[in-house]
Structures are given as structure tokens and as C-alpha cells.
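File shown: input20.cif. Contents: mmCIF, C-alpha atoms.
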```cif
data_target
loop_
_atom_site.label_atom_id
_atom_site.label_comp_id
_atom_site.auth_asym_id
_atom_site.auth_seq_id
_atom_site.Cartn_x
_atom_site.Cartn_y
_atom_site.Cartn_z
CA GLY A 65 0.17 -17.73 4.20
CA GLU A 66 2.49 -16.39 1.55
CA ASN A 67 6.18 -15.84 2.27
CA VAL A 68 8.42 -13.82 -0.05
CA GLU A 69 12.19 -13.87 0.22
CA GLN A 70 14.32 -11.27 -1.55
CA HIS A 71 18.03 -11.21 -2.35
CA PRO A 72 20.40 -9.50 -2.13
CA SER A 73 19.67 -7.08 0.71
CA THR A 74 22.22 -4.61 -0.68
CA LEU A 75 23.60 -4.22 -4.19
CA SER A 76 26.16 -1.75 -5.51
CA VAL A 77 26.80 -1.39 -9.24
CA GLN A 78 28.73 1.00 -11.43
CA GLU A 79 26.72 3.42 -13.52
CA GLY A 80 25.88 1.78 -16.84
CA ASP A 81 26.05 -1.77 -15.49
CA SER A 82 23.06 -4.04 -14.99
CA ALA A 83 21.42 -4.91 -11.68
CA VAL A 84 19.43 -8.04 -10.89
CA ILE A 85 17.26 -8.60 -7.82
CA LYS A 86 15.70 -11.99 -7.14
CA CYS A 87 12.65 -13.08 -5.18
CA THR A 88 11.11 -16.42 -4.30
CA TYR A 89 7.59 -17.06 -3.07
CA SER A 90 5.95 -19.95 -1.32
CA ASP A 91 2.24 -19.92 -2.24
CA SER A 92 1.55 -21.54 -5.60
CA ALA A 93 -1.78 -19.67 -5.73
CA SER A 94 0.03 -16.33 -6.10
CA ASN A 95 -0.30 -15.00 -9.62
CA TYR A 96 0.45 -11.28 -9.45
CA PHE A 97 3.98 -9.97 -8.84
CA PRO A 98 4.62 -6.23 -8.66
CA TRP A 99 7.90 -4.44 -8.04
CA TYR A 100 8.09 -1.18 -6.11
CA LYS A 101 10.83 1.44 -5.82
CA GLN A 102 11.01 3.39 -2.59
CA GLU A 103 13.14 6.49 -2.29
CA LEU A 104 14.14 7.89 1.08
CA GLY A 105 11.20 9.48 2.87
CA LYS A 106 8.69 8.50 0.20
CA GLY A 107 6.08 5.83 -0.35
CA PRO A 108 6.63 2.81 -2.62
CA GLN A 109 6.23 3.56 -6.33
CA LEU A 110 5.01 0.81 -8.67
CA ILE A 111 7.60 0.39 -11.44
CA ILE A 112 6.54 -2.82 -13.16
CA ASP A 113 4.38 -5.86 -12.55
CA ILE A 114 3.81 -9.26 -14.08
CA ARG A 115 1.01 -11.77 -13.97
CA SER A 116 1.40 -15.51 -14.07
CA ASN A 117 0.18 -15.89 -17.64
CA VAL A 118 3.40 -14.34 -18.99
CA GLY A 119 7.05 -15.19 -18.41
CA GLU A 120 8.66 -11.83 -19.09
CA LYS A 121 7.72 -8.19 -19.32
CA LYS A 122 9.83 -5.19 -20.34
CA ASP A 123 9.46 -1.47 -19.93
CA GLN A 124 12.42 0.48 -21.33
CA ARG A 125 15.41 -0.31 -19.04
CA ILE A 126 13.39 -2.46 -16.65
CA ALA A 127 12.35 -6.07 -17.13
CA VAL A 128 10.81 -8.71 -14.91
CA THR A 129 10.96 -12.47 -15.43
CA LEU A 130 8.78 -15.10 -13.79
CA ASN A 131 9.35 -18.82 -13.35
CA LYS A 132 6.16 -20.26 -11.87
CA THR A 133 7.51 -23.77 -11.68
CA ALA A 134 10.43 -22.69 -9.52
CA LYS A 135 8.36 -19.98 -7.78
CA HIS A 136 10.81 -17.21 -8.40
CA PHE A 137 10.81 -13.90 -10.19
CA SER A 138 13.50 -11.33 -10.87
CA LEU A 139 13.89 -7.64 -11.64
CA HIS A 140 16.48 -6.62 -14.21
CA ILE A 141 17.62 -3.01 -14.60
CA THR A 142 19.95 -2.29 -17.51
CA GLU A 143 22.13 0.76 -18.10
CA THR A 144 21.77 1.82 -14.48
CA GLN A 145 21.83 5.50 -13.58
CA PRO A 146 22.45 7.24 -10.23
CA GLU A 147 18.74 8.08 -10.00
CA ASP A 148 18.01 4.34 -9.91
CA SER A 149 19.50 4.30 -6.40
CA ALA A 150 16.69 3.39 -3.99
CA VAL A 151 15.20 0.46 -2.08
CA TYR A 152 13.41 -2.02 -4.32
CA PHE A 153 10.68 -4.33 -3.04
CA CYS A 154 9.15 -7.35 -4.71
CA ALA A 155 5.69 -8.51 -3.72
CA ALA A 156 3.25 -11.30 -4.45
CA SER A 157 -0.48 -11.75 -4.21
CA GLU A 158 -3.32 -13.86 -5.49
CA ASP A 159 -5.61 -12.17 -7.96
CA GLU A 160 -9.13 -12.61 -6.68
CA SER A 161 -12.29 -11.93 -8.55
CA SER A 162 -14.47 -13.14 -5.70
CA GLY A 163 -14.28 -9.98 -3.69
CA SER A 164 -11.38 -10.86 -1.45
CA ALA A 165 -8.79 -8.22 -0.71
CA ARG A 166 -5.70 -7.65 -2.86
CA GLN A 167 -3.19 -8.52 -0.12
CA LEU A 168 0.41 -7.91 -1.14
CA THR A 169 3.12 -9.83 0.68
CA PHE A 170 6.38 -7.94 0.35
CA GLY A 171 9.97 -9.05 0.37
CA SER A 172 12.42 -7.44 2.78
CA GLY A 173 13.85 -5.04 0.20
CA THR A 174 17.10 -4.45 -1.70
CA GLN A 175 19.09 -1.26 -1.26
CA LEU A 176 20.46 -0.53 -4.73
CA THR A 177 23.31 1.96 -5.00
CA VAL A 178 24.49 3.08 -8.42
CA LEU A 179 27.98 4.49 -8.23
CA PRO A 180 28.86 7.29 -10.67
CA GLU B 231 3.58 10.84 -8.19
CA THR B 232 0.31 9.11 -7.31
CA GLY B 233 -2.89 10.88 -6.40
CA VAL B 234 -2.96 9.23 -2.96
CA THR B 235 -2.50 11.76 -0.17
CA GLN B 236 -2.00 11.04 3.52
CA SER B 237 -2.05 13.16 6.66
CA PRO B 238 -0.38 13.90 8.92
CA THR B 239 3.10 13.22 7.54
CA HIS B 240 4.68 12.88 10.98
CA LEU B 241 3.31 12.57 14.48
CA ILE B 242 4.47 11.60 17.95
CA LYS B 243 2.30 9.86 20.52
CA THR B 244 2.86 8.27 23.89
CA ARG B 245 2.15 4.69 24.83
CA GLY B 246 -1.53 4.05 25.55
CA GLN B 247 -2.81 6.93 23.42
CA GLN B 248 -4.98 6.65 20.33
CA VAL B 249 -4.18 7.89 16.81
CA THR B 250 -6.14 8.53 13.62
CA LEU B 251 -4.43 8.63 10.24
CA ARG B 252 -6.16 9.85 7.09
CA CYS B 253 -5.95 8.99 3.42
CA SER B 254 -7.48 10.41 0.27
CA SER B 255 -7.61 7.88 -2.53
CA GLN B 256 -6.65 8.48 -6.13
CA SER B 257 -9.56 9.60 -8.29
CA GLY B 258 -11.46 6.66 -9.77
CA HIS B 259 -10.20 4.17 -7.18
CA ASN B 260 -12.69 2.30 -5.03
CA THR B 261 -10.49 0.16 -2.79
CA VAL B 262 -8.16 1.37 -0.08
CA SER B 263 -5.58 -0.66 1.81
CA TRP B 264 -3.39 0.15 4.77
CA TYR B 265 0.11 -1.18 5.32
CA GLN B 266 2.56 -0.86 8.21
CA GLN B 267 6.24 -0.50 7.35
CA ALA B 268 8.71 -0.87 10.21
CA LEU B 269 12.17 0.62 9.72
CA GLY B 270 14.25 -1.43 7.30
CA GLN B 271 11.45 -3.82 6.43
CA GLY B 272 8.88 -4.34 3.71
CA PRO B 273 5.31 -3.13 4.19
CA GLN B 274 2.89 -5.46 5.98
CA PHE B 275 -0.79 -5.65 5.07
CA ILE B 276 -3.15 -4.39 7.77
CA PHE B 277 -6.53 -4.41 6.00
CA GLN B 278 -8.42 -3.41 2.88
CA TYR B 279 -11.75 -1.64 2.44
CA TYR B 280 -14.15 -1.90 -0.49
CA ARG B 281 -17.53 -0.20 -0.59
CA GLU B 282 -17.03 1.00 2.97
CA GLU B 283 -16.59 -2.51 4.36
CA GLU B 284 -13.46 -4.32 5.46
CA ASN B 285 -12.92 -7.22 3.07
CA GLY B 286 -9.57 -8.53 4.21
CA ARG B 287 -7.28 -8.23 7.21
CA GLY B 288 -3.70 -9.21 7.88
CA ASN B 289 -2.23 -10.38 11.18
CA PHE B 290 -3.06 -7.26 13.19
CA PRO B 291 -5.08 -7.07 16.44
CA PRO B 292 -8.54 -5.48 16.68
CA ARG B 293 -7.11 -2.27 18.15
CA PHE B 294 -6.23 -1.49 14.51
CA SER B 295 -9.47 -0.40 12.87
CA GLY B 296 -10.49 1.61 9.88
CA LEU B 297 -13.19 3.37 7.95
CA GLN B 298 -13.83 4.06 4.29
CA PHE B 299 -16.15 6.92 3.41
CA PRO B 300 -18.51 7.30 0.43
CA ASN B 301 -15.97 9.52 -1.30
CA TYR B 302 -13.44 6.65 -0.91
CA SER B 303 -11.30 8.52 1.59
CA SER B 304 -10.23 6.43 4.56
CA GLU B 305 -9.05 6.49 8.15
CA LEU B 306 -6.82 4.15 10.13
CA ASN B 307 -7.35 4.18 13.89
CA VAL B 308 -4.99 2.59 16.37
CA ASN B 309 -5.99 2.36 20.03
CA ALA B 310 -3.83 1.68 23.08
CA LEU B 311 -0.62 2.50 21.25
CA GLU B 312 2.42 0.34 21.95
CA LEU B 313 6.08 1.14 21.33
CA ASP B 314 6.16 -1.43 18.51
CA ASP B 315 3.50 0.53 16.65
CA SER B 316 6.19 3.04 15.70
CA ALA B 317 6.36 2.74 11.91
CA LEU B 318 5.51 4.30 8.57
CA TYR B 319 1.82 3.77 7.80
CA LEU B 320 1.06 3.57 4.13
CA CYS B 321 -2.25 3.94 2.39
CA ALA B 322 -2.73 2.40 -1.05
CA SER B 323 -5.67 2.77 -3.39
CA GLY B 324 -6.72 0.72 -6.37
CA ARG B 325 -9.53 -0.07 -8.75
CA GLY B 326 -11.47 -3.24 -7.99
CA TYR B 327 -9.94 -6.41 -6.69
CA THR B 328 -7.28 -6.99 -9.30
CA GLY B 329 -5.95 -3.57 -10.20
CA GLU B 330 -2.57 -2.18 -9.33
CA LEU B 331 -2.06 -0.60 -5.93
CA PHE B 332 -0.71 2.93 -5.71
CA PHE B 333 0.78 4.11 -2.45
CA GLY B 334 0.82 7.45 -0.74
CA GLU B 335 3.89 8.97 0.94
CA GLY B 336 2.90 7.61 4.35
CA SER B 337 2.44 8.86 7.89
CA ARG B 338 5.45 8.39 10.17
CA LEU B 339 4.22 7.49 13.68
CA THR B 340 6.57 7.53 16.65
CA VAL B 341 5.33 6.09 19.94
CA LEU B 342 7.29 7.11 23.04
#
```

Please go through the file and, once you have read it, give me the structure as C-alpha cells.
Amino acid sequence: GENVEQHPSTLSVQEGDSAVIKCTYSDSASNYFPWYKQELGKGPQLIIDIRSNVGEKKDQRIAVTLNKTAKHFSLHITETQPEDSAVYFCAASEDESSGSARQLTFGSGTQLTVLP
Amino acid sequence: ETGVTQSPTHLIKTRGQQVTLRCSSQSGHNTVSWYQQALGQGPQFIFQYYREEENGRGNFPPRFSGLQFPNYSSELNVNALELDDSALYLCASGRGYTGELFFGEGSRLTVL
């Protein structure tokens, strides 16, 4: 089965700096890679995702890059703000049109702290 | 905030008991998945339902079972609770097999 590794486990940055979180995956069949933000006491919130037919995707201050050859993908947050502080999870799954379940395999999470 | 709602938000059970957790999917979504999130870890896939049938299961024993109803709401049932079942249980709904998954706030289960 799929295995997703995520680094670092904790990350502290100064407000306004950039933050980068990296993930690697093992199953070459995986082709969908979402990122979730989880605040304390809440469920994971989808913030951005990327599919294997593109190498990069941006949404305002957030970007995700994907290297299928190396089987790794990264989340980039620019101009960080205190409200970006949360746990971030990467995940991977195989898009299936045959009726199989969308099964996300998650990384272990990164606690991001943005210091004012 | 997603339209996925879960109940109850917190509950405490003792070992050996049974528990039922409920989920109301976001409007327009026809798949529902359940995940278990232990403290300090990423969510783990339990199973997914589509058209009221289970169409995928992770590495969880049969004492974890579920239902999806015609209105796309769902239940997760866990029998013979064990201490290790203490976790946050997350429901996620989506559209079809390839759409994004949107999570609810979760049900925090404590087994004593």
C-alpha cells in the first residue's frame, strides 16, 4: 500500500517569512495530492490540491509543487501570518474511475507556528 | 466551513461497549468516508460508502462497520470497544470517485 512521509514535524517561522513542508510517497500509481490544514479541535480543511498532470499550482499565498519522477511534493506558504499557525497534512491517493474508493493516505503532519 | 456535520462531538465509553457515530454529508455529495485520527497522527482510512454500499476499506477489523442512507447521511458503528479505539473519528464527503473530500469537525471518542 501507499506510504507517505512528511517533514518537518515542527516548523517555526517569523511572520512574513516563507514556510515549506515536504512529502514523499511510495506508490507510483498515486496521482492526486491534497493538502489539509487542521486547527486545534477542528477537522482537516482542504487548502489546495494537485493532480499528476501538472507540476505546480498556486492559490494566492499558497503553492504546491509535484515531482512525479522523484515521488515528492511540497507545500509553500509565502508571507506567513499568525493565522497560518496550525497542523498541515499532506495526503496521496490514486484517482479511480472504476468505482473504487478515494482512499487518502496521510502524512504524519507538520505543526507550523508563525511567530509575530 | 464545510457542510459536513457530525454528532456527537465528544463521548466516553468503557471497554467492551458499542458506539454509533453519525454524519450528515454536504449537499450534493454522494460518497462518504470515515477516518480515524489518533492523537498526534494523520487520519487513517476506515472505509468509504457509495450508493449505500461499502466500496473500499482500510486496515480495520470487522467490528468497525457502517451504513449510508438514501439521503447520504452515514453512521459508523464500533463494537467491542478497545482502549486503542480512543481517537477522533472524522467523516468526509465528496462527489463521485475523484472529487475532493471535505471533512467534518469529528467525534472525539474516549474509551476507558

(message) Using only C-alpha atoms, which protein or nucleic acid residues come within 9 Å of His259 in chain B? Drop anything in the same chain fewer than 2 positions from it, and give the result as JSON, numbers by chain.
(response) {"B": [255, 256, 257, 261, 262, 302, 323, 324, 325, 326]}

(message) I need the output of the PyMOL selection byres ((chain A) within 10 of (chain B)) for this file as a ChimeraX atom specification; which residues are they?
(response) /A:96,98,100,102,105-110,112-113,151-155,157-175

(message) So the first atom is CA of Ser316 in chain B and the second is CA of Thr340 in chain B; what is the distance between them in Å, to one decimal place?
(response)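 Between these atoms lies a distance of 4.6 Å.
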
(request) Give me the result of the PyMOL selection byres ((chain A and resi 117-129) around 9) on this file, residue by residue, as a VMD selection string. (result) chain A and resid 95 99 111 to 116 130 to 132 136 to 144

(message) Please compute the CA of Pro72 in chain A-CA of Ala317 in chain B distance, one decimal, in Å.
(response) 23.3 Å

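Picture a line from CA of Leu269 in chain B to CA of Asp314 in chain B; it runs 10.8 Å.
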
(request) Step by step, work through what the PyMOL selection byres ((chain B and resi 243) around 9) selects in the shown file, and finish by giving those residues as a PyMOL selection string. (result) chain B and resi 241-242+244-249+311+339-342

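Distance annotation: of A:Thr133, A:Pro180, A:Ser149, A:Leu75, the residue with the minimal separation from Tyr89 in chain A is A:Thr133; atom set is all atoms listed in the file.
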
Please, what is the axis-aligned box for every listed atom of range 170-173 of chain A with 4 Å on each side, as centre and edge lengths in Å to one decimal, as lines of an AutoDock Vina configuration file?
```
center_x = 10.1
center_y = -7.0
center_z = 1.5
size_x = 15.5
size_y = 12.0
size_z = 10.6
```
